[in-house]
Structures are given as C-alpha cells and as structure tokens.
Amino acid sequence: MSSCHKAYITTPIYYVNDIAHIGHAYTTIIADTLARYSRMSGLDTFFLTGTDEHGQKIEEAAKARGKSTQEYADEISATFKNLWDEFDISYDKFIRTTDEDHMRGVQKAFLKMFNNGDIYKDTYKGHYCISCETFFPEIQLVDGEFCPECGKPTSVVEEESYFFKLSKYQDKLLEWYNNNPDCILPRSKRNEVIRFVEGGLTDLSITRTSFDWGVKLPEEINDPKHVMYVWLDALMNYVTALGYGNDEAKMDFWPARVHLIGKDILRFHAIYWPAFLMSLDLPMPKHIAAHGWWTRDGEKMSKSKGNVVNPKEVADAYGLDNFRYFMLREVPFGGDGDFSQKALIDRINSDLGNDLGNLLNRLIGMSGKYFDGKVESGKVATYYQTELDEVNESLQKLEPLLFEMQIHRYLEELWRPLSVANKAIDKYQPWALMKEGREEEAMALNGLIANILAKVSIMLSPVMPKVCAKIAKALNFEIDHENWQKLFKEKALIANFTLEKIDPLFPRIEAPLLAQAEPADKPAKEEKKKKEKKVETKETEGVALIGIDQFFQTSLKVGTVVEAQEVPKSKKLLLLQVDLGEEKPRQIVAGIKEWYSAEDMLNTQVCVVANLKPAKLMGMLSEGMLLAAKDEDGLCMIRPEKPKKPGTPIG
Ligand code: MSP
C-alpha cells in the first residue's frame, strides 16, 4: 500500500453525455496542479482521470443522436482526452469504464462484497432521476415528482435489485470521519456529511434490470438480467486504474492522497465509496476534497441558456496558463465562483501583468541598462537580508496551504515575495544607486529581484507551467526537482547569469476577447420587468406601499451560521456558510466585518432573505442576504428571540 513517498491524485471520471465545460476543466486543473507539485517535490506521483460511460443517461443520449452507445461513448470520451492533451494535463492514466480490465475489476469487487455477505437480493421501488443516476425517497421530491438535485421529472421504478448493506457501515463511517478531521475538505463539508450519516443510512440498490448498458454481474452469481449501478461501477475506477482485480502491481499507490470532486458528488464519494472500500477491506483515501460550483455572470450555466463556458475558447483567447491562474486564484476552494470575462481580465492585467510581468520587465530593463544583462547573486545577502528573510518566510507557508486545498491562499501568499521585490525597487531606487556610484548595491538589488522571480516561478509552475518555464529560461535555470530543493527547500540563490530578453508575458487586455453570452430568456425577462413596473403602488411618506402578496414574494428564513471566515483583503466582508435547513448550507458574503468578527458570527442565528438572485462579491458567490439594522451607532443583526430550527420561515 501507498507509502508517504507516493501520491495518487484523481479527478472524477466525466460522463460522456456532453462535452467538457468550465466545471470539468476546474477539477482537472486543480488535480493537475497538485500532481505537478507532487512530482516536482520528488513524490512518486500517479494522476488519474477518465470517462464514466455506462448508465441509462448515456444510453439515452446515444439513442437521441442515432448512434450506438459504444460509438457515441468513444466519440465523447475522445473529446475529453483530446482537450486534456491540448491543455497539457499531466495525467498518468486516462481510464474509461468501458475498458475490459476495469469491468473485470468491478466484477471481482462485486463478488468479494457478495461473498462477504454485504450484498443481498430484494425488490426496489423508488423514484429514479436518470439525469443524476440516483434514487430519491418520495419525501425528498419537489412537488412529489421532481428531482431535488436537478429539478427534472423522476420516474417510478419497481424492479428486482441487489442491495449493498450500506446501513451496516454507518457507525464505522462516523468513526472514520471523527478520527480524521481532514478526510473531507473543506472541513465544513465534513460536518454536512456527518449530519447526513447521523440521520440514518438505508441500504443501496446497486443493480438495475431495465436497461443493458452497464457492467454485467460476475458469472458466478449467474443473474444475467442485472447490470451494475453506474455509481458502483464508476467509483471502482479509482482502484481498477491501479490494477485492482487484474495485475495489481500499481496498487501500492493506494490509498489516494486526494480525490478531487465537485460538491454535487460529495455524497457518493464521502459515504458510498468509503463504505465500499470498507467492505473490500481496502484503506480509506487520505482526503476527499470538494470544490464549489461555477456560474457565469451570476447565472447557472445551461445549454438552453446558451451561457456554458467553453474552457477551450477561454484558454485560446486568454492563454491557458492565465485561465488556470484565474480559476485557482479567484475562488476560495469549496466556495462557489462566478466566471466573467471582466474578472478574468482584471486578474490578468493586475496580478499577472502589473505584479509579475512588470517585475520581470523592470529587471530586464535595469540589468540591460546598467550591467549588459548580467545578474549576480553574490552580494544579495549582504545588502538585502531583510527582504530575503521576508520572502523565505512567505515561501515556507506555501506547502501546507496546497495540501489543505487552500489553493487561493497559496497563490495569495506567493504574491507577497513579488510585492517585496516591487517595493524594494521603489525603496532603493537602482537608478539613484548607480548615480551615486553604489554599483555593488544596484547589482545586488538586481540579484534580489532575479532570485525572487526564480523562487516564485518554481512555486507557481504547477499552476502556470508554460509561463514559468519562460521566466526560468530568461533567468537561465530549469524548473525541476533539483532546483526546487535548492531554491525553495534550502533557500539557496541562483547562479550568476546573463538575462535573456523575452517578449512581455502578459500584454494588457483592454476589452473582452470573447463574444458575451446573451441569456436565451432575455425577452421573457424584459417582459417580466415591464409587468413588475405596472404593479400599482401607493406612496406614504415617500415609502411605496405593497400588498401582502408582494411581501410574501420575499422568502425570509431563520439560519444558523455554521462557518465564518474573513474575506482576505476586504475591510467589510465576512464569508459565511449559513444552514437554512437545506441539504447544504448557503454561502453568504456579508458586509458586516466592521461590526462583527467571524468568531462573533459563528454558531449564531440570523435572519436571511433566502430567495435573492445570487450575486457576486469580490469573486465570491453570495446566495442570500442577512437582515440587519443600522443607524448612527452602528449595525446590529436581526435575530430570532429564541433559537429556531434552521429554515424556519419568518413572516
Ligand atoms: N460521472 C460522475 C463522476 C463519477 S466519479 C467516480 C459525474 N460526472 S460529471 O461529468 O457530471 O461531473 C464531473 C465533475 O464536474 C463533478 O465533480 C462536478 O462537480 C463537476 N462540475 C460539473 N458542473 C460544474 C460546474 N458548473 N461548476 C463546477 N464544477 C462542476 O458527476
């Protein structure tokens, strides 16, 4: 099994019912970043991605296009693989659930679970959502019919099925969550899972008889009309990719260092998957890390709205590395994020252009003008030890941030050395030093800047591999394990060299480079707006009177703040996760930091406007608003007089 010198990193395997969009690219790019860092730091790394090709949804998508299911799966699977190749994603294996050895591995696992008494046969009656490939109890359906996850109609299914004894693992799962505080990241998501499991687990139907497109049961069970539930088949990919049930040579990579997933598939990964592993007597993964959801310009992406962000178009227009940086820097891991060209352009012009690109330009300019491009490190420590210490201090904070999935903070911290460098130029003014004949100090200053750029580009390279390779080339060194060890771990300085001039890395972008998505429902919206205007209102003392119906259009609810943190760089904002009795807490960005600290807010009750259209504040999605009263003495929260259950309506 995996030693601490091995790192196994996975993405979810993507359904082949559609082509890749920004959400898929996001997961894959985070995983790629971790894999690149692991390799650079000397870990024996195995990075897995692939496609999930079985199930009713795929069968129906193929039918709708008049193709055989295999032909259709081949086609879409290839579009994912090609995109990842174009994006230079450094995967070690691209698995397909239609691979023979995967299917054999799944059958072996099924048989093992069956033989150890964890699988039994019964009849299933329930509401099935094909889109989510999930059964839902009636009580969870919206209006008794619609899927609580995606809103599509469910169908009633009654069929013979094999069941996995999930209920048997309830206590063992809770023990695992409790003994491993970081098994699910961010930690707030672990609390959600614990609450769900404490609510009771029922056994899981793991076979279907109403369609064919799936892995057959093992021959030994001799029940050919059943195929396996797509999630059992899919989750097993994480071990069949290492040869489980076949040639198990690579199984020493197990357990996974991290399974990267989106928050929508947390339940499958944090409950079903560990339970399957327990049944198979395999160790638990180290981390399951769930990221948030991307929207576009504040709206949910959907094909019908025509606003789906195509990652290839964005990368082609703005540069792949810039796009990677944007996605990882813009959103705190676990929170929801919004894609807008404006936000992307701001990041490119400001963080990348002003802070990083200009620093390199300044170095090229100064060393060219005063020293024929020569840069020396010899006297850096003599004149600029304080700056070096500050830089090293920041750099030492980085590694834990990466492996705790605080990738936005990793990048934020990585920008501090750049700011040290830019400030040093302004403070010591190399042109003045030269005028005063203090050449040695000016050369040392150039050395300081070059070393900061070298160290930053090593640590930034997992996020922006191509750009950092260019910076390294200009500074005449290579980004590899040896230099990571020397410049980062041992805090050494680069050798003397002559700077190679390169073109500006981040030319300024003045206007959006892609056509803006026009919401498909724009005419309907305008019509609605007009109607809203017509609503008659009476005025008293300048306040419009509304009818009771209008008041009830606002959904006010009691919520409990289950997580609270400060928004870095913001004087006003706190980032809260508020439990409204829904499946997941809402993310709310509240402008209350002047009056309340994160600690003040944690575990308190608040009143929330729950049906506001989500809005974006400093790149973070806010899914509600807190009620507060403000006068000249300041602001205070409006709270229920006595504790109320989260989600209790107000009105
Ligand atoms: N096939 C399953 C996963 C099986 S893993 C054993 C699946 N596939 S998916 O193609 O629907 O989604 C794959 C990933 O893309 C999920 O992690 C999901 O969260 C992510 N995203 C899909 N849409 C997204 C956004 N709009 N934003 C962010 N990520 C989203 O689920």
# chains A, B, ... in the order shown; residues from 1 in each chain; ligands from 1

$ residues_near_ligand --ligand "ligand 1" --cutoff "9 Å" --atoms "only C-alpha atoms and all ligand atoms" --output "MDAnalysis selection string"
chainID A and resid 11:28 51:53 132 230:238 260:266 268:269 273 290:296 300:302 308:309 336:337

$ residues_around --residues "Glu248 in chain A" --least-positions-apart "5" --cutoff "12 Å" --atoms "only C-alpha atoms" --output "JSON, numbers by chain"
{"A": [1, 101, 105, 239, 240, 241, 242, 243, 253, 254]}

$ write_last_selection --atoms "N, CA and C atoms" --output "short mmCIF file (atom, residue, chain, number, x, y, z; two decimals), in the first residue's frame"
data_model
loop_
_atom_site.label_atom_id
_atom_site.label_comp_id
_atom_site.auth_asym_id
_atom_site.auth_seq_id
_atom_site.Cartn_x
_atom_site.Cartn_y
_atom_site.Cartn_z
N MET A 1 0.84 -1.20 0.00
CA MET A 1 0.00 0.00 0.00
C MET A 1 0.87 1.25 0.00
N ASP A 101 -10.44 -4.32 -18.60
CA ASP A 101 -9.86 -4.65 -17.29
C ASP A 101 -10.58 -3.92 -16.16
N GLY A 105 -12.36 -5.84 -13.05
CA GLY A 105 -12.07 -5.43 -11.67
C GLY A 105 -13.34 -5.16 -10.89
N VAL A 239 -9.69 2.30 -8.04
CA VAL A 239 -8.76 1.19 -7.76
C VAL A 239 -8.51 0.31 -8.99
N THR A 240 -9.50 0.21 -9.88
CA THR A 240 -9.22 -0.63 -11.06
C THR A 240 -8.13 0.03 -11.91
N ALA A 241 -8.04 1.36 -11.85
CA ALA A 241 -6.98 2.05 -12.62
C ALA A 241 -5.60 1.62 -12.13
N LEU A 242 -5.52 1.17 -10.87
CA LEU A 242 -4.24 0.71 -10.33
C LEU A 242 -4.10 -0.80 -10.49
N GLY A 243 -5.08 -1.40 -11.19
CA GLY A 243 -4.98 -2.83 -11.47
C GLY A 243 -5.79 -3.72 -10.54
N PHE A 253 0.06 2.36 -4.95
CA PHE A 253 -0.28 3.80 -4.89
C PHE A 253 -1.50 4.04 -3.99
N TRP A 254 -2.25 2.98 -3.72
CA TRP A 254 -3.44 3.14 -2.89
C TRP A 254 -3.04 3.23 -1.42
#

$ atom_distance --atom1 "CA of Gln605 in chain A" --atom2 "CA of Arg195 in chain A"
18.3 Å

$ residues_around --residues "Tyr428 in chain A" --least-positions-apart "6" --cutoff "10 Å" --atoms "only C-alpha atoms" --output "list of chain:residue names"
A:Glu441, A:Ala442, A:Leu445

$ write_last_selection --atoms "N, CA, C and O atoms" --output "compact mmCIF listing (two decimals), in the first residue's frame"
# COMPACT_ATOMS: atom_id res chain seq x y z
N GLU A 441 25.65 47.66 -4.78
CA GLU A 441 24.30 47.57 -4.21
C GLU A 441 23.23 47.43 -5.30
O GLU A 441 22.24 46.72 -5.13
N ALA A 442 23.45 48.14 -6.41
CA ALA A 442 22.48 48.06 -7.51
C ALA A 442 22.49 46.65 -8.10
O ALA A 442 21.42 46.08 -8.38
N LEU A 445 20.74 44.38 -5.83
CA LEU A 445 19.29 44.56 -5.92
C LEU A 445 18.73 43.77 -7.10
O LEU A 445 17.72 43.08 -7.00

$ closest_atom_pairs --of "range 22-137 of chain A" --to "range 206-215 of chain A" --cutoff "9 Å" --atoms "only C-alpha atoms" --output "Markdown table"
| residue | atom | partner | partner_atom | distance |
| --- | --- | --- | --- | --- |
| A:Glu53 | CA | A:Gly214 | CA | 8.5 |
| A:His54 | CA | A:Gly214 | CA | 5.1 |
| A:Gly55 | CA | A:Trp213 | CA | 5.7 |
| A:Gln56 | CA | A:Phe211 | CA | 6.8 |
| A:Ile58 | CA | A:Trp213 | CA | 8.2 |
| A:Glu59 | CA | A:Trp213 | CA | 6.5 |
| A:Thr69 | CA | A:Trp213 | CA | 7.9 |
| A:Thr97 | CA | A:Val215 | CA | 8.8 |
| A:Thr98 | CA | A:Val215 | CA | 8.3 |
| A:Met103 | CA | A:Val215 | CA | 6.1 |
| A:Arg104 | CA | A:Val215 | CA | 8.7 |
| A:Val106 | CA | A:Val215 | CA | 7.8 |
| A:Gln107 | CA | A:Val215 | CA | 7.6 |
| A:Ile119 | CA | A:Ile206 | CA | 8.8 |

$ write_last_selection --atoms "C-alpha atoms" --output "PDB file, in the first residue's frame"
ATOM      1  CA  GLU A  53     -19.504   5.736 -19.806  1.00  0.00           C
ATOM      2  CA  HIS A  54     -22.204   3.416 -18.520  1.00  0.00           C
ATOM      3  CA  GLY A  55     -25.762   4.006 -17.352  1.00  0.00           C
ATOM      4  CA  GLN A  56     -29.150   4.922 -18.640  1.00  0.00           C
ATOM      5  CA  ILE A  58     -25.543   7.693 -21.719  1.00  0.00           C
ATOM      6  CA  GLU A  59     -27.692   5.050 -23.386  1.00  0.00           C
ATOM      7  CA  THR A  69     -23.883   3.579 -27.339  1.00  0.00           C
ATOM      8  CA  THR A  97     -15.299   2.483 -17.610  1.00  0.00           C
ATOM      9  CA  THR A  98     -15.800   0.527 -20.837  1.00  0.00           C
ATOM     10  CA  MET A 103     -15.060  -4.091 -15.932  1.00  0.00           C
ATOM     11  CA  ARG A 104     -13.294  -7.273 -14.773  1.00  0.00           C
ATOM     12  CA  VAL A 106     -15.578  -4.198 -10.861  1.00  0.00           C
ATOM     13  CA  GLN A 107     -16.946  -7.739 -11.178  1.00  0.00           C
ATOM     14  CA  ILE A 119     -24.857  -7.805  -0.962  1.00  0.00           C
TER      15      ILE A 119
END

$ residues_around --residues "Arg586 in chain A" --least-positions-apart "6" --cutoff "12 Å" --atoms "only C-alpha atoms" --output "PyMOL selection string"
chain A and resi 188-189+192+292+334-336+557+559-564+575-580+608-612+614+621-626+646-647

$ write_last_selection --atoms "N, CA, C and O atoms" --output "tab-separated table (two decimals), in the first residue's frame"
chain	number	residue	atom	x	y	z
A	188	SER	N	-16.00	22.12	6.59
A	188	SER	CA	-17.44	22.36	6.73
A	188	SER	C	-18.22	21.29	5.97
A	188	SER	O	-19.32	20.90	6.36
A	189	LYS	N	-17.63	20.79	4.89
A	189	LYS	CA	-18.31	19.76	4.11
A	189	LYS	C	-18.34	18.44	4.89
A	189	LYS	O	-19.27	17.65	4.78
A	192	GLU	N	-21.30	18.49	7.10
A	192	GLU	CA	-22.53	18.18	6.35
A	192	GLU	C	-22.71	16.67	6.21
A	192	GLU	O	-23.79	16.13	6.41
A	292	GLY	N	-16.47	24.06	-5.14
A	292	GLY	CA	-17.80	24.64	-5.33
A	292	GLY	C	-18.21	24.65	-6.79
A	292	GLY	O	-17.60	24.02	-7.65
A	334	GLY	N	-13.81	25.32	-2.37
A	334	GLY	CA	-15.01	24.91	-1.64
A	334	GLY	C	-16.16	25.89	-1.83
A	334	GLY	O	-17.32	25.53	-1.78
A	335	GLY	N	-15.82	27.16	-2.06
A	335	GLY	CA	-16.86	28.17	-2.31
A	335	GLY	C	-17.28	28.14	-3.77
A	335	GLY	O	-16.59	27.59	-4.63
A	336	ASP	N	-18.43	28.74	-4.05
A	336	ASP	CA	-18.87	28.84	-5.44
A	336	ASP	C	-18.18	30.02	-6.09
A	336	ASP	O	-17.77	30.97	-5.41
A	557	LYS	N	-36.01	33.57	6.16
A	557	LYS	CA	-35.86	32.33	6.95
A	557	LYS	C	-34.84	32.52	8.07
A	557	LYS	O	-33.92	33.32	7.94
A	559	GLY	N	-31.64	31.18	9.97
A	559	GLY	CA	-30.50	30.34	9.61
A	559	GLY	C	-29.49	30.31	10.74
A	559	GLY	O	-29.49	31.18	11.61
A	560	THR	N	-28.64	29.25	10.73
A	560	THR	CA	-27.57	29.17	11.73
A	560	THR	C	-26.23	29.26	11.00
A	560	THR	O	-26.02	28.55	10.01
A	561	VAL	N	-25.38	30.15	11.49
A	561	VAL	CA	-24.07	30.31	10.85
A	561	VAL	C	-23.20	29.13	11.27
A	561	VAL	O	-22.85	29.00	12.44
A	562	VAL	N	-22.86	28.25	10.29
A	562	VAL	CA	-22.10	27.05	10.66
A	562	VAL	C	-20.61	27.22	10.33
A	562	VAL	O	-19.78	26.43	10.75
A	563	GLU	N	-20.32	28.25	9.58
A	563	GLU	CA	-18.90	28.52	9.30
A	563	GLU	C	-18.75	30.00	9.01
A	563	GLU	O	-19.64	30.59	8.38
A	564	ALA	N	-17.67	30.61	9.51
A	564	ALA	CA	-17.47	32.04	9.26
A	564	ALA	C	-15.99	32.31	9.10
A	564	ALA	O	-15.18	31.81	9.85
A	575	LEU	N	-17.21	35.91	5.03
A	575	LEU	CA	-17.74	34.82	4.21
A	575	LEU	C	-18.38	33.81	5.16
A	575	LEU	O	-17.70	33.22	6.00
A	576	LEU	N	-19.69	33.64	5.01
A	576	LEU	CA	-20.41	32.78	5.97
A	576	LEU	C	-21.05	31.60	5.25
A	576	LEU	O	-21.44	31.70	4.09
A	577	GLN	N	-21.14	30.49	5.95
A	577	GLN	CA	-21.94	29.36	5.47
A	577	GLN	C	-23.11	29.28	6.45
A	577	GLN	O	-22.92	29.12	7.65
A	578	VAL	N	-24.32	29.43	5.89
A	578	VAL	CA	-25.49	29.52	6.77
A	578	VAL	C	-26.42	28.34	6.52
A	578	VAL	O	-26.86	28.12	5.38
A	579	ASP	N	-26.68	27.58	7.57
A	579	ASP	CA	-27.57	26.43	7.45
A	579	ASP	C	-29.01	26.93	7.43
A	579	ASP	O	-29.48	27.53	8.40
A	580	LEU	N	-29.71	26.68	6.30
A	580	LEU	CA	-31.12	27.08	6.21
A	580	LEU	C	-32.01	25.84	6.19
A	580	LEU	O	-33.09	25.84	5.60
A	608	VAL	N	-32.47	35.52	7.20
A	608	VAL	CA	-31.89	35.55	5.86
A	608	VAL	C	-32.97	35.79	4.81
A	608	VAL	O	-34.04	35.20	4.88
A	609	VAL	N	-32.68	36.68	3.85
A	609	VAL	CA	-33.52	36.77	2.66
A	609	VAL	C	-33.06	35.62	1.78
A	609	VAL	O	-31.94	35.62	1.27
A	610	ALA	N	-33.94	34.61	1.63
A	610	ALA	CA	-33.47	33.34	1.06
A	610	ALA	C	-33.72	33.21	-0.43
A	610	ALA	O	-33.23	32.28	-1.06
A	611	ASN	N	-34.51	34.10	-1.01
A	611	ASN	CA	-34.78	33.92	-2.44
A	611	ASN	C	-34.24	35.07	-3.28
A	611	ASN	O	-34.81	35.43	-4.31
A	612	LEU	N	-33.12	35.63	-2.84
A	612	LEU	CA	-32.48	36.66	-3.67
A	612	LEU	C	-31.70	35.98	-4.78
A	612	LEU	O	-31.11	34.91	-4.54
A	614	PRO	N	-28.62	35.00	-6.71
A	614	PRO	CA	-27.23	35.03	-6.24
A	614	PRO	C	-26.46	36.18	-6.87
A	614	PRO	O	-26.71	36.54	-8.02
A	621	LEU	N	-19.56	33.95	-4.69
A	621	LEU	CA	-21.00	33.94	-4.88
A	621	LEU	C	-21.69	34.11	-3.54
A	621	LEU	O	-21.32	33.46	-2.56
A	622	SER	N	-22.69	34.99	-3.49
A	622	SER	CA	-23.45	35.16	-2.28
A	622	SER	C	-24.88	34.72	-2.56
A	622	SER	O	-25.50	35.20	-3.49
A	623	GLU	N	-25.38	33.78	-1.73
A	623	GLU	CA	-26.68	33.19	-2.04
A	623	GLU	C	-27.75	33.62	-1.05
A	623	GLU	O	-28.64	32.84	-0.71
A	624	GLY	N	-27.67	34.84	-0.59
A	624	GLY	CA	-28.68	35.33	0.33
A	624	GLY	C	-28.20	36.59	0.99
A	624	GLY	O	-27.08	37.05	0.75
A	625	MET	N	-29.09	37.19	1.82
A	625	MET	CA	-28.70	38.43	2.48
A	625	MET	C	-29.15	38.35	3.94
A	625	MET	O	-30.21	37.78	4.23
A	626	LEU	N	-28.34	38.90	4.84
A	626	LEU	CA	-28.72	38.87	6.25
A	626	LEU	C	-29.49	40.12	6.59
A	626	LEU	O	-29.19	41.20	6.08
A	646	PRO	N	-33.07	25.79	11.87
A	646	PRO	CA	-32.66	26.41	10.62
A	646	PRO	C	-33.70	26.17	9.52
A	646	PRO	O	-34.19	25.04	9.38
A	647	GLY	N	-34.05	27.22	8.82
A	647	GLY	CA	-35.02	27.10	7.74
A	647	GLY	C	-36.42	27.53	8.16
A	647	GLY	O	-37.33	27.63	7.33

$ select_by_dssp --residues "range 235-469 of chain A" --states "strand (DSSP E or B)" --output "PyMOL selection string"
chain A and resi 258-262+287-291+294-296+299+337-339+374-375

$ closest_residue --among "A:Gly447, A:Lys613, A:Trp415, A:Phe488" --to "Asn354 in chain A" --atoms "only C-alpha atoms"
A:Trp415

$ residues_around --residues "Asn476 in chain A" --least-positions-apart "3" --cutoff "12 Å" --atoms "only C-alpha atoms" --output "list in words"
Gly373, Lys374, Val375, Ala450, Asn451, Leu453, Ala454, Cys468, Ala469, Lys470, Ile471, Ala472, Lys473, Ile479, Asn483, Ile494, Ala495, Asn496, Phe497, Thr498, Leu499, Glu500, Lys501 and Ile502 of chain A

$ residues_around --residues "Trp595 in chain A" --least-positions-apart "6" --cutoff "8 Å" --atoms "only C-alpha atoms" --output "list in words"
Gly634, Leu635 and Cys636 of chain A

$ residues_around --residues "Ala444 in chain A" --least-positions-apart "4" --cutoff "9 Å" --atoms "only C-alpha atoms" --output "PyMOL selection string"
chain A and resi 375-384+439-440+448-449

$ write_last_selection --atoms "N, CA and C atoms" --output "PDB file, in the first residue's frame"
ATOM      1  N   VAL A 375      23.486  39.360 -14.183  1.00  0.00           N
ATOM      2  CA  VAL A 375      22.864  39.378 -12.856  1.00  0.00           C
ATOM      3  C   VAL A 375      23.702  38.501 -11.927  1.00  0.00           C
ATOM      4  N   GLU A 376      24.002  39.036 -10.742  1.00  0.00           N
ATOM      5  CA  GLU A 376      24.822  38.260  -9.801  1.00  0.00           C
ATOM      6  C   GLU A 376      24.130  38.174  -8.440  1.00  0.00           C
ATOM      7  N   SER A 377      24.291  37.008  -7.808  1.00  0.00           N
ATOM      8  CA  SER A 377      23.634  36.804  -6.505  1.00  0.00           C
ATOM      9  C   SER A 377      24.576  37.046  -5.328  1.00  0.00           C
ATOM     10  N   GLY A 378      25.862  37.146  -5.611  1.00  0.00           N
ATOM     11  CA  GLY A 378      26.895  37.164  -4.570  1.00  0.00           C
ATOM     12  C   GLY A 378      26.627  38.078  -3.378  1.00  0.00           C
ATOM     13  N   LYS A 379      26.195  39.346  -3.637  1.00  0.00           N
ATOM     14  CA  LYS A 379      26.077  40.301  -2.523  1.00  0.00           C
ATOM     15  C   LYS A 379      24.626  40.510  -2.053  1.00  0.00           C
ATOM     16  N   VAL A 380      23.726  39.654  -2.547  1.00  0.00           N
ATOM     17  CA  VAL A 380      22.311  39.867  -2.188  1.00  0.00           C
ATOM     18  C   VAL A 380      22.131  39.834  -0.672  1.00  0.00           C
ATOM     19  N   ALA A 381      22.702  38.807  -0.046  1.00  0.00           N
ATOM     20  CA  ALA A 381      22.504  38.661   1.402  1.00  0.00           C
ATOM     21  C   ALA A 381      23.186  39.790   2.170  1.00  0.00           C
ATOM     22  N   THR A 382      24.242  40.333   1.612  1.00  0.00           N
ATOM     23  CA  THR A 382      24.941  41.421   2.310  1.00  0.00           C
ATOM     24  C   THR A 382      24.035  42.644   2.453  1.00  0.00           C
ATOM     25  N   TYR A 383      23.351  42.984   1.362  1.00  0.00           N
ATOM     26  CA  TYR A 383      22.567  44.224   1.391  1.00  0.00           C
ATOM     27  C   TYR A 383      21.074  44.017   1.673  1.00  0.00           C
ATOM     28  N   TYR A 384      20.565  42.828   1.316  1.00  0.00           N
ATOM     29  CA  TYR A 384      19.099  42.696   1.355  1.00  0.00           C
ATOM     30  C   TYR A 384      18.632  41.470   2.151  1.00  0.00           C
ATOM     31  N   GLU A 439      27.397  50.832  -7.262  1.00  0.00           N
ATOM     32  CA  GLU A 439      27.113  49.780  -8.252  1.00  0.00           C
ATOM     33  C   GLU A 439      26.867  48.409  -7.620  1.00  0.00           C
ATOM     34  N   GLU A 440      27.672  48.111  -6.604  1.00  0.00           N
ATOM     35  CA  GLU A 440      27.563  46.793  -5.976  1.00  0.00           C
ATOM     36  C   GLU A 440      26.148  46.595  -5.400  1.00  0.00           C
ATOM     37  N   LEU A 448      18.617  40.294  -6.091  1.00  0.00           N
ATOM     38  CA  LEU A 448      17.465  40.021  -5.227  1.00  0.00           C
ATOM     39  C   LEU A 448      16.210  39.793  -6.069  1.00  0.00           C
ATOM     40  N   ILE A 449      15.987  40.713  -7.007  1.00  0.00           N
ATOM     41  CA  ILE A 449      14.771  40.604  -7.841  1.00  0.00           C
ATOM     42  C   ILE A 449      14.791  39.299  -8.632  1.00  0.00           C
TER      43      ILE A 449
END

$ closest_residue --among "A:Glu175, A:Asp247, A:Glu138, A:Glu198" --to "His102 in chain A" --atoms "only C-alpha atoms"
A:Asp247

$ closest_residue --among "A:Val558, A:Ile29, A:Leu475, A:Val589" --to "Leu573 in chain A" --atoms "only C-alpha atoms"
A:Val589

$ closest_residue --among "A:Ser367, A:Ser155, A:Ser340, A:Ser419" --to "Ile130 in chain A" --atoms "only C-alpha atoms"
A:Ser155

$ atom_distance --atom1 "CA of Met459 in chain A" --atom2 "CA of Tyr8 in chain A"
20.3 Å

$ closest_residue --among "A:Val193, A:Leu141, A:Leu204, A:Val157" --to "Gly126 in chain A" --atoms "only C-alpha atoms"
A:Val157

$ atom_distance --atom1 "CA of Thr45 in chain A" --atom2 "CA of Ile89 in chain A"
13.8 Å
